[in-house]
$ cat run_15.txt   # compact mmCIF, C-alpha atoms
# COMPACT_ATOMS: atom_id res chain seq x y z
CA MET A 12 0.00 0.00 0.00
CA LEU A 13 1.42 3.31 -1.08
CA VAL A 14 1.74 5.93 1.66
CA SER A 15 1.91 9.62 0.74
CA ILE A 16 3.70 12.02 3.07
CA THR A 17 3.01 15.75 2.79
CA ILE A 18 5.33 18.19 4.53
CA ALA A 19 4.15 21.79 4.72
CA ALA A 20 6.97 24.29 5.22
CA LYS A 21 7.42 28.03 5.44
CA ASN A 22 10.85 29.35 6.37
CA GLU A 23 11.93 26.04 7.89
CA GLU A 24 15.57 25.98 6.76
CA LYS A 25 16.65 25.03 10.30
CA ASN A 26 14.25 22.07 10.58
CA ILE A 27 13.61 20.71 7.10
CA ALA A 28 16.73 18.53 6.88
CA LYS A 29 15.69 16.41 9.89
CA SER A 30 12.03 16.30 8.94
CA LEU A 31 12.53 15.44 5.28
CA GLY A 32 15.43 13.12 6.08
CA SER A 33 13.28 11.16 8.53
CA ALA A 34 10.54 10.79 5.88
CA LEU A 35 13.04 9.67 3.24
CA ASN A 36 14.61 7.10 5.58
CA GLN A 37 11.46 5.22 6.55
CA SER A 38 11.79 1.43 6.76
CA TYR A 39 8.39 1.12 5.04
CA SER A 40 8.01 1.10 1.27
CA PRO A 41 6.43 2.30 -1.01
CA ILE A 42 6.30 5.96 0.00
CA GLU A 43 5.91 9.16 -2.00
CA ILE A 44 6.84 12.49 -0.44
CA PHE A 45 5.57 15.97 -1.22
CA LEU A 46 7.25 19.06 0.20
CA ILE A 47 4.91 22.01 -0.05
CA ASP A 48 6.86 25.26 0.22
CA ASP A 49 4.50 27.99 1.38
CA THR A 50 6.32 31.05 -0.05
CA SER A 51 9.50 30.68 2.02
CA THR A 52 11.98 33.54 1.91
CA ASP A 53 14.84 31.57 3.46
CA LYS A 54 16.79 28.54 2.18
CA THR A 55 14.13 25.90 2.92
CA VAL A 56 14.03 24.62 -0.67
CA GLU A 57 17.82 24.63 -1.10
CA VAL A 58 18.33 22.68 2.14
CA ALA A 59 15.62 20.20 1.16
CA ARG A 60 17.20 19.59 -2.26
CA ALA A 61 20.61 19.10 -0.62
CA VAL A 62 19.10 16.42 1.65
CA GLY A 63 16.70 14.71 -0.72
CA GLY A 64 17.77 15.53 -4.26
CA ASN A 65 14.93 14.42 -6.52
CA ARG A 66 13.53 11.79 -4.14
CA PHE A 67 10.55 14.01 -3.31
CA THR A 68 8.12 16.19 -5.23
CA LEU A 69 8.41 19.92 -4.59
CA ILE A 70 5.25 22.02 -4.73
CA GLN A 71 5.84 25.77 -4.49
CA ASN A 72 2.77 27.79 -3.59
CA GLN A 73 2.38 31.03 -5.51
CA LYS A 74 0.72 32.66 -2.50
CA ASN A 75 0.71 31.86 1.21
CA LEU A 76 -1.90 29.16 1.85
CA GLY A 77 -1.02 28.39 5.46
CA PHE A 78 -0.57 24.98 7.04
CA GLY A 79 -3.96 23.52 6.08
CA GLY A 80 -4.02 24.96 2.56
CA SER A 81 -0.50 23.70 1.88
CA HIS A 82 -1.36 20.18 3.01
CA ASN A 83 -4.47 20.31 0.83
CA GLU A 84 -2.22 21.05 -2.16
CA GLY A 85 -0.14 17.99 -1.34
CA MET A 86 -3.17 15.77 -0.79
CA ARG A 87 -4.61 16.76 -4.18
CA ARG A 88 -1.54 15.20 -5.80
CA ALA A 89 -1.14 12.26 -3.44
CA ASN A 90 -1.68 8.77 -4.80
CA GLY A 91 -1.37 6.86 -1.54
CA GLU A 92 -4.04 4.83 0.15
CA PHE A 93 -2.88 6.51 3.37
CA ILE A 94 -1.67 10.10 3.79
CA LEU A 95 0.60 11.41 6.53
CA CYS A 96 0.55 15.19 7.05
CA LEU A 97 3.82 16.14 8.70
CA ASN A 98 4.91 19.39 10.30
CA ALA A 99 8.27 20.60 9.00
CA ASP A 100 9.64 20.70 12.55
CA CYS A 101 8.80 17.05 13.30
CA GLU A 102 11.10 14.07 12.98
CA LEU A 103 9.71 10.58 12.40
CA ASP A 104 11.02 7.43 14.01
CA ARG A 105 12.43 5.17 11.27
CA ASP A 106 9.57 2.65 11.68
CA TYR A 107 6.73 5.13 12.20
CA VAL A 108 5.02 4.58 8.85
CA LYS A 109 5.43 0.80 9.08
CA TYR A 110 3.69 0.68 12.46
CA ALA A 111 1.01 3.18 11.41
CA VAL A 112 0.12 1.08 8.36
CA GLU A 113 0.00 -2.09 10.48
CA VAL A 114 -2.50 -0.44 12.83
CA LEU A 115 -4.60 1.03 10.01
CA LYS A 116 -4.85 -2.35 8.30
CA THR A 117 -6.22 -4.08 11.41
CA ASP A 118 -9.65 -2.45 11.25
CA SER A 119 -11.35 -0.58 8.39
CA LYS A 120 -13.10 1.61 10.99
CA ILE A 121 -9.79 3.22 11.99
CA GLY A 122 -9.51 6.53 10.18
CA ALA A 123 -6.44 8.08 11.76
CA VAL A 124 -3.40 7.31 13.87
CA GLN A 125 -0.99 9.63 15.64
CA GLY A 126 2.30 9.07 17.36
CA LYS A 127 3.74 10.66 20.46
CA LEU A 128 5.11 14.17 20.09
CA ILE A 129 8.28 14.58 22.12
CA ASN A 130 9.41 18.10 23.08
CA ARG A 131 13.03 18.33 21.88
CA ARG A 132 14.03 20.75 24.64
CA THR A 133 12.64 18.77 27.57
CA GLY A 134 12.57 15.22 26.19
CA ARG A 135 9.04 14.86 27.56
CA ILE A 136 5.89 13.80 25.77
CA ASP A 137 4.17 16.95 24.54
CA THR A 138 1.00 15.25 23.34
CA THR A 139 -0.26 11.86 22.27
CA GLY A 140 -3.45 10.84 20.51
CA LEU A 141 -5.93 13.14 18.86

$ encode --input "run_15.txt" --output "structure tokens"
Amino acid sequence: MLVSITIAAKNEEKNIAKSLGSALNQSYSPIEIFLIDDTSTDKTVEVARAVGGNRFTLIQNQKNLGFGGSHNEGMRRANGEFILCLNADCELDRDYVKYAVEVLKTDSKIGAVQGKLINRRTGRIDTTGL
């Protein structure tokens, strides 16, 4: 089952390498990745290309669409049976997508899964669940 990952980013040059890198290095396959650049004025796109080359699809918004609008752009182009919307300042565990797909496949009534969000400064769980 193809999984599509959309990463919405605006001026995320300091975070995009870890976020995109973690999406590119998932143990699960097949995956397609969309980076939606929401009118960044920094080096977000350049850093992303340095990390991922052509292993992801770049979508560059012509006007600022915000987080939700940017993910909607990515989802319009996504081909996956499952879609993961990722913040540009988040880093995925290498097996995150594999475990998410395993859970989603167990019951057709499951519509969403979410992992734990760990605060990088404190090392504590910031939130879990929906």

$ closest_atom_pairs --input "run_15.txt" --of "stretch 61-89 of chain A" --to "stretch 99-109 of chain A" --cutoff "12 Å" --atoms "only C-alpha atoms" --output "tab-separated table"
residue	atom	partner	partner_atom	distance
A:Phe78	CA	A:Ala99	CA	10.1
A:Ser81	CA	A:Ala99	CA	11.7
A:His82	CA	A:Ala99	CA	11.3

$ closest_residue --input "run_15.txt" --among "A:Asn130, A:Gln125, A:Asn98, A:Asn90" --to "A:Asn26" --atoms "all atoms listed in the file"
A:Asn98

$ atom_distance --input "run_15.txt" --atom1 "atom CA of A:Arg87" --atom2 "atom CA of A:Phe45"
10.6 Å

$ closest_residue --input "run_15.txt" --among "A:Cys96, A:Lys120, A:Thr52, A:Ala34" --to "A:Asn22" --atoms "all atoms listed in the file"
A:Thr52

$ residues_around --input "run_15.txt" --residues "stretch 60-77 of chain A" --least-positions-apart "6" --cutoff "7 Å" --atoms "only C-alpha atoms" --output "number ranges by chain"
A: 28, 32, 43-50

$ atom_distance --input "run_15.txt" --atom1 "atom CA of A:Ser38" --atom2 "atom CA of A:Arg132"
26.4 Å

$ atom_distance --input "run_15.txt" --atom1 "atom CA of A:Ala59" --atom2 "atom CA of A:Leu35"
11.0 Å
